>>> print(open('my_file_14.csv').read())   # CSV, C-alpha atoms and all ligand atoms
chain,number,residue,atom,x,y,z
F,1,MET,CA,-45.9,120.6,-96.7
F,2,LYS,CA,-43.9,123.8,-96.7
F,3,THR,CA,-41.3,122.3,-94.2
F,4,LEU,CA,-41.0,119.3,-96.5
F,5,GLY,CA,-40.4,121.5,-99.5
F,6,VAL,CA,-37.7,123.5,-97.7
F,7,LEU,CA,-36.0,120.2,-96.6
F,8,THR,CA,-35.9,118.8,-100.0
F,9,LEU,CA,-34.2,122.0,-101.2
F,10,LEU,CA,-32.0,122.2,-98.1
F,11,LEU,CA,-30.4,118.7,-98.1
F,12,PRO,CA,-29.0,118.8,-101.7
F,13,ALA,CA,-28.1,122.4,-101.0
F,14,ILE,CA,-25.9,121.4,-98.1
F,15,ALA,CA,-24.2,118.7,-100.2
F,16,ILE,CA,-23.6,121.1,-103.1
F,17,CYS,CA,-22.3,123.6,-100.5
F,18,PHE,CA,-19.6,121.2,-99.3
F,19,ALA,CA,-18.6,120.3,-102.8
F,20,LEU,CA,-18.4,124.0,-103.8
F,21,SER,CA,-16.4,125.0,-100.8
F,22,THR,CA,-13.9,122.2,-101.4
F,23,ALA,CA,-13.5,123.2,-105.0
F,24,ARG,CA,-13.1,126.8,-103.8
F,25,ALA,CA,-10.3,126.0,-101.4
F,26,VAL,CA,-8.4,124.3,-104.3
F,27,GLU,CA,-8.6,127.2,-106.8
F,28,ALA,CA,-8.5,130.7,-105.3
F,29,GLN,CA,-11.2,132.9,-106.8
F,30,ALA,CA,-10.6,136.3,-108.2
F,31,ASP,CA,-13.2,138.6,-106.7
F,32,LYS,CA,-15.0,140.6,-109.4
F,33,LEU,CA,-17.5,142.3,-107.0
F,34,PRO,CA,-17.3,146.0,-107.5
F,35,GLU,CA,-15.8,148.0,-104.6
F,36,ALA,CA,-18.9,149.8,-103.2
F,37,PRO,CA,-20.7,150.3,-99.9
F,38,GLY,CA,-22.1,147.0,-98.6
F,39,LYS,CA,-19.4,144.8,-100.2
F,40,ALA,CA,-18.0,143.5,-96.9
F,41,THR,CA,-21.5,142.4,-95.9
F,42,VAL,CA,-22.0,140.7,-99.2
F,43,VAL,CA,-18.8,138.8,-98.9
F,44,ALA,CA,-19.6,137.8,-95.3
F,45,VAL,CA,-23.2,136.7,-96.0
F,46,CYS,CA,-22.8,135.2,-99.5
F,47,THR,CA,-19.5,133.5,-99.9
F,48,SER,CA,-19.6,130.8,-97.2
F,49,CYS,CA,-21.1,128.2,-99.6
F,50,HIS,CA,-19.8,129.4,-103.0
F,51,GLY,CA,-17.5,132.0,-104.4
F,52,SER,CA,-18.6,135.4,-105.5
F,53,GLU,CA,-18.2,134.3,-109.1
F,54,VAL,CA,-21.8,132.9,-109.1
F,55,MET,CA,-22.9,136.5,-108.5
F,56,THR,CA,-20.8,138.1,-111.3
F,57,ASP,CA,-20.7,135.3,-114.0
F,58,ALA,CA,-24.2,135.9,-115.4
F,59,PRO,CA,-26.3,139.1,-115.4
F,60,ARG,CA,-29.7,139.2,-113.8
F,61,THR,CA,-32.5,141.8,-113.6
F,62,VAL,CA,-33.5,143.3,-110.3
F,63,ALA,CA,-36.5,140.8,-110.2
F,64,GLY,CA,-34.0,138.0,-110.9
F,65,TRP,CA,-31.9,139.1,-108.0
F,66,VAL,CA,-34.9,139.3,-105.7
F,67,ASP,CA,-35.7,135.6,-106.7
F,68,VAL,CA,-32.1,134.7,-105.9
F,69,MET,CA,-32.3,136.1,-102.4
F,70,PHE,CA,-35.4,134.0,-101.7
F,71,LEU,CA,-33.7,130.9,-103.1
F,72,MET,CA,-30.6,131.6,-100.9
F,73,LYS,CA,-32.8,131.9,-97.8
F,74,ASP,CA,-34.3,128.6,-98.7
F,75,PHE,CA,-30.8,127.1,-99.1
F,76,GLY,CA,-30.0,128.3,-95.6
F,77,ALA,CA,-28.2,131.6,-96.1
F,78,MET,CA,-28.4,133.5,-92.8
F,79,ALA,CA,-28.4,137.2,-92.2
F,80,THR,CA,-30.2,139.8,-90.2
F,81,GLU,CA,-33.0,141.9,-91.9
F,82,ALA,CA,-30.6,144.8,-92.1
F,83,GLU,CA,-27.9,142.6,-93.8
F,84,TRP,CA,-30.4,141.2,-96.3
F,85,LYS,CA,-31.3,144.8,-97.2
F,86,THR,CA,-27.6,145.8,-97.5
F,87,VAL,CA,-26.9,142.8,-99.8
F,88,THR,CA,-30.0,143.4,-101.9
F,89,ASP,CA,-29.2,147.1,-102.2
F,90,TYR,CA,-25.6,146.2,-103.2
F,91,VAL,CA,-26.6,143.9,-106.0
F,92,VAL,CA,-29.3,146.2,-107.3
F,93,ALA,CA,-26.9,149.2,-107.2
F,94,ASN,CA,-23.8,147.4,-108.6
F,95,LEU,CA,-24.8,144.3,-110.5
F,96,ALA,CA,-28.4,144.1,-111.6
F,97,LEU,CA,-29.8,144.9,-115.1
F,98,LEU,CA,-32.3,147.7,-114.8
F,99,GLU,CA,-35.5,147.6,-116.9
F,100,VAL,CA,-35.8,151.3,-117.2
F,101,ASN,CA,-39.4,151.2,-118.3
F,102,LYS,CA,-40.6,149.1,-115.4
F,103,ALA,CA,-38.1,150.2,-112.6
F,104,GLU,CA,-39.6,151.6,-109.5
F,105,ALA,CA,-38.2,154.8,-107.8
F,106,ALA,CA,-36.2,152.9,-105.1
F,107,HIS,CA,-34.3,150.9,-107.8
F,108,MET,CA,-33.6,154.0,-109.9
F,109,GLN,CA,-32.3,155.7,-106.8
F,110,LEU,CA,-29.8,152.9,-106.2
F,111,VAL,CA,-28.7,152.5,-109.8
F,112,PHE,CA,-28.6,156.1,-110.9
F,113,GLY,CA,-27.5,157.5,-107.5
F,114,LEU,CA,-30.6,159.8,-107.3
F,115,SER,CA,-32.5,161.2,-104.4
F,116,GLU,CA,-36.0,159.8,-103.9
F,117,ALA,CA,-37.6,163.0,-105.2
F,118,ALA,CA,-35.3,163.0,-108.3
F,119,ALA,CA,-36.1,159.3,-109.0
F,120,LYS,CA,-39.8,160.1,-108.8
F,121,ASP,CA,-39.4,163.0,-111.3
F,122,VAL,CA,-37.7,160.6,-113.7
F,123,ILE,CA,-40.6,158.2,-113.4
F,124,ALA,CA,-43.2,161.0,-113.9
F,125,TYR,CA,-41.3,162.1,-117.0
F,126,ARG,CA,-41.1,158.5,-118.3
F,127,ASP,CA,-44.8,158.0,-117.9
F,128,LYS,CA,-45.6,161.3,-119.6
F,129,GLN,CA,-43.3,160.4,-122.5
F,130,GLY,CA,-44.8,156.9,-122.8
F,131,GLY,CA,-41.5,155.2,-121.8
F,132,PHE,CA,-37.9,155.4,-122.8
F,133,LYS,CA,-37.1,153.9,-126.2
F,134,THR,CA,-33.4,154.7,-126.3
F,135,ILE,CA,-30.6,155.7,-124.0
F,136,ASP,CA,-30.9,159.2,-125.3
F,137,ASP,CA,-34.6,159.4,-124.2
F,138,LEU,CA,-33.4,158.5,-120.7
F,139,LYS,CA,-30.6,161.1,-120.8
F,140,ASN,CA,-33.3,163.8,-121.5
F,141,ALA,CA,-35.0,163.0,-118.3
F,142,PRO,CA,-34.8,165.7,-115.6
F,143,GLY,CA,-31.9,165.3,-113.1
F,144,VAL,CA,-30.1,162.4,-114.6
F,145,ASP,CA,-26.4,162.6,-115.2
F,146,ALA,CA,-25.7,161.7,-118.9
F,147,ALA,CA,-22.2,160.5,-118.2
F,148,LYS,CA,-23.4,158.2,-115.5
F,149,ILE,CA,-26.1,156.8,-117.9
F,150,ASP,CA,-23.4,156.1,-120.5
F,151,ALA,CA,-21.3,154.4,-117.9
F,152,LEU,CA,-24.2,152.2,-117.0
F,153,LYS,CA,-25.4,151.4,-120.6
F,154,GLU,CA,-24.5,147.6,-120.4
F,155,ARG,CA,-26.9,147.3,-117.5
F,156,LEU,CA,-29.9,149.2,-118.9
F,157,LEU,CA,-32.8,147.4,-120.7
F,158,PHE,CA,-35.2,149.4,-122.8
F,159,ARG,CA,-37.7,146.7,-123.5
T,201,LIG,C1,-26.1,128.1,-97.2
T,201,LIG,C2,-25.4,128.1,-98.4
T,201,LIG,C3,-25.5,129.4,-99.3
T,201,LIG,C4,-25.3,130.7,-99.0
T,201,LIG,C5,-24.9,131.3,-97.6
T,201,LIG,C6,-25.5,131.4,-100.2
T,201,LIG,N1,-25.8,130.6,-101.2
T,201,LIG,FE1,-26.0,131.1,-103.2
T,201,LIG,N2,-26.2,129.2,-103.7
T,201,LIG,C7,-26.1,128.1,-102.8
T,201,LIG,C8,-26.2,126.9,-103.6
T,201,LIG,C9,-26.3,125.5,-103.0
T,201,LIG,C10,-26.3,127.3,-104.9
T,201,LIG,C11,-26.4,126.4,-106.1
T,201,LIG,C12,-27.8,126.2,-106.6
T,201,LIG,C13,-27.8,125.8,-108.0
T,201,LIG,O1,-26.9,125.2,-108.5
T,201,LIG,O2,-28.9,126.1,-108.6
T,201,LIG,C14,-26.2,128.7,-105.0
T,201,LIG,C15,-26.3,129.5,-106.1
T,201,LIG,C16,-26.2,130.8,-106.2
T,201,LIG,C17,-26.3,131.6,-107.4
T,201,LIG,C18,-26.5,131.1,-108.8
T,201,LIG,C19,-28.0,130.8,-109.0
T,201,LIG,C20,-28.3,130.4,-110.4
T,201,LIG,O3,-29.4,130.8,-110.9
T,201,LIG,O4,-27.5,129.8,-111.1
T,201,LIG,C21,-26.3,132.9,-107.0
T,201,LIG,C22,-26.4,134.1,-108.0
T,201,LIG,C23,-26.2,132.9,-105.6
T,201,LIG,N3,-26.1,131.7,-105.1
T,201,LIG,C24,-26.1,134.1,-104.9
T,201,LIG,C25,-26.0,134.1,-103.5
T,201,LIG,C26,-26.1,135.4,-102.7
T,201,LIG,C27,-26.3,136.8,-103.3
T,201,LIG,C28,-25.9,135.0,-101.4
T,201,LIG,C29,-25.9,135.9,-100.2
T,201,LIG,C30,-27.2,136.5,-100.0
T,201,LIG,C31,-25.7,133.5,-101.4
T,201,LIG,N4,-25.8,133.1,-102.7
T,201,LIG,C32,-25.5,132.8,-100.2
T,201,LIG,C33,-26.0,128.2,-101.5
T,201,LIG,C34,-25.8,129.3,-100.7
>>> encode(input="my_file_14.csv", output="structure tokens", more="lines below")
Ligand code: HEC
Amino acid sequence: MKTLGVLTLLLPAIAICFALSTARAVEAQADKLPEAPGKATVVAVCTSCHGSEVMTDAPRTVAGWVDVMFLMKDFGAMATEAEWKTVTDYVVANLALLEVNKAEAAHMQLVFGLSEAAAKDVIAYRDKQGGFKTIDDLKNAPGVDAAKIDALKERLLFR
């Protein structure tokens, strides 16, 4: 049954893929992917079937991006384990919306550019405070860079 499920996903995916790449050849896409480590891998792994605009058009949470990665695997995207990690880290660090009250240390590390120990300190502080209600609560956490938090404000969710 699993194989059948993958096939029913795969066949339309291949058709869409051809349609998208044709459309792409006609209109050259401006690349809105931020310049950051891992971008070359993202372009190599993720832009053979569609342009990068599907990645930058609509915002997604970290969990949303993890779902996208599973979907793309089902659609036939191919990469080594190391490349999947590079691509996932890139989208979390540079594109994903971060739910600051649910985020795990690894995601805080990537988004805020913290060490593992510093990210764990932020989480310990968050739990002690009963969560971050505003961006200012977050800026009061130990070790975070207030200017960086301001620069990221469009990507932070306090729900
Ligand atoms: C084998 C072809 C293929 C590759 C490679 C591929 N995709 Fe896709 N992707 C698709 C297809 C087909 C769709 C359209 C699905 C749809 O319309 O829902 C899509 C849609 C998307 C979307 C939009 C999803 C949505 O919810 O609307 C995103 C985001 C995306 N891809 C990201 C990626 C990323 C990131 C990679 C690299 C890891 C990647 N894709 C590699 C085939 C591919």
>>> closest_atom_pairs(input="my_file_14.csv", of="chain F", to="ligand LIG 201 (chain T)", cutoff="8 Å", atoms="only C-alpha atoms and all ligand atoms", output="Markdown table")
| residue | atom | partner | partner_atom | distance |
| --- | --- | --- | --- | --- |
| F:Pro12 | CA | T:LIG201 | C9 | 7.3 |
| F:Ala13 | CA | T:LIG201 | C9 | 4.1 |
| F:Ile14 | CA | T:LIG201 | C9 | 6.4 |
| F:Ala15 | CA | T:LIG201 | C9 | 7.6 |
| F:Ile16 | CA | T:LIG201 | C9 | 5.2 |
| F:Cys17 | CA | T:LIG201 | C9 | 5.1 |
| F:Val42 | CA | T:LIG201 | C29 | 6.3 |
| F:Val43 | CA | T:LIG201 | C29 | 7.8 |
| F:Val45 | CA | T:LIG201 | C29 | 5.1 |
| F:Cys46 | CA | T:LIG201 | C29 | 3.3 |
| F:Thr47 | CA | T:LIG201 | C32 | 6.0 |
| F:Ser48 | CA | T:LIG201 | C5 | 5.3 |
| F:Cys49 | CA | T:LIG201 | C2 | 4.5 |
| F:His50 | CA | T:LIG201 | N1 | 6.4 |
| F:Ser52 | CA | T:LIG201 | C24 | 7.6 |
| F:Val54 | CA | T:LIG201 | C22 | 4.9 |
| F:Met55 | CA | T:LIG201 | C22 | 4.3 |
| F:Thr56 | CA | T:LIG201 | C22 | 7.6 |
| F:Ala58 | CA | T:LIG201 | C22 | 7.9 |
| F:Trp65 | CA | T:LIG201 | C22 | 7.4 |
| F:Val68 | CA | T:LIG201 | C22 | 6.1 |
| F:Met69 | CA | T:LIG201 | C30 | 5.7 |
| F:Leu71 | CA | T:LIG201 | FE1 | 7.7 |
| F:Met72 | CA | T:LIG201 | N1 | 4.9 |
| F:Lys73 | CA | T:LIG201 | C30 | 7.6 |
| F:Phe75 | CA | T:LIG201 | C1 | 5.2 |
| F:Gly76 | CA | T:LIG201 | C1 | 4.2 |
| F:Ala77 | CA | T:LIG201 | C5 | 3.6 |
| F:Met78 | CA | T:LIG201 | C5 | 6.3 |
| F:Ala79 | CA | T:LIG201 | C30 | 7.9 |
| F:Trp84 | CA | T:LIG201 | C30 | 6.8 |
| F:Val87 | CA | T:LIG201 | C30 | 6.3 |
| F:Thr88 | CA | T:LIG201 | C30 | 7.7 |
| F:Val91 | CA | T:LIG201 | C27 | 7.6 |
>>> residues_around(input="my_file_14.csv", residues="Lys139 in chain F", least_positions_apart="6", cutoff="10 Å", atoms="only C-alpha atoms", output="ChimeraX atom specification")
/F:132,145-150
>>> residues_around(input="my_file_14.csv", residues="Leu98 in chain F", least_positions_apart="3", cutoff="7 Å", atoms="all atoms listed in the file", output="compact mmCIF listing (two decimals) with C-alpha atoms, keeping the file's coordinate frame")
# COMPACT_ATOMS: atom_id res chain seq x y z
CA THR F 61 -32.50 141.80 -113.60
CA VAL F 62 -33.50 143.30 -110.30
CA ALA F 103 -38.10 150.20 -112.60
CA ARG F 155 -26.90 147.30 -117.50
CA LEU F 156 -29.90 149.20 -118.90
CA LEU F 157 -32.80 147.40 -120.70
>>> atom_distance(input="my_file_14.csv", atom1="CA of Leu138 in chain F", atom2="CA of Val92 in chain F")
18.6 Å
>>> closest_residue(input="my_file_14.csv", among="F:Asn101, F:Lys153, F:Ala106, F:Arg60", to="Gly130 in chain F", atoms="all atoms listed in the file")
F:Asn101
>>> atom_distance(input="my_file_14.csv", atom1="CA of Ser115 in chain F", atom2="CA of Ala40 in chain F")
24.1 Å
>>> closest_residue(input="my_file_14.csv", among="F:Ala36, F:Ala82, F:Met108, F:Ala96", to="Pro59 in chain F", atoms="all atoms listed in the file")
F:Ala96
>>> atom_distance(input="my_file_14.csv", atom1="CA of Glu83 in chain F", atom2="CA of Lys32 in chain F")
20.3 Å
>>> closest_residue(input="my_file_14.csv", among="F:Arg159, F:Lys120, F:Lys102, F:Lys85", to="Val144 in chain F", atoms="only C-alpha atoms")
F:Lys120
>>> closest_residue(input="my_file_14.csv", among="F:Leu95, F:Lys133, F:Val66, F:Asp57", to="Glu35 in chain F", atoms="only C-alpha atoms")
F:Leu95
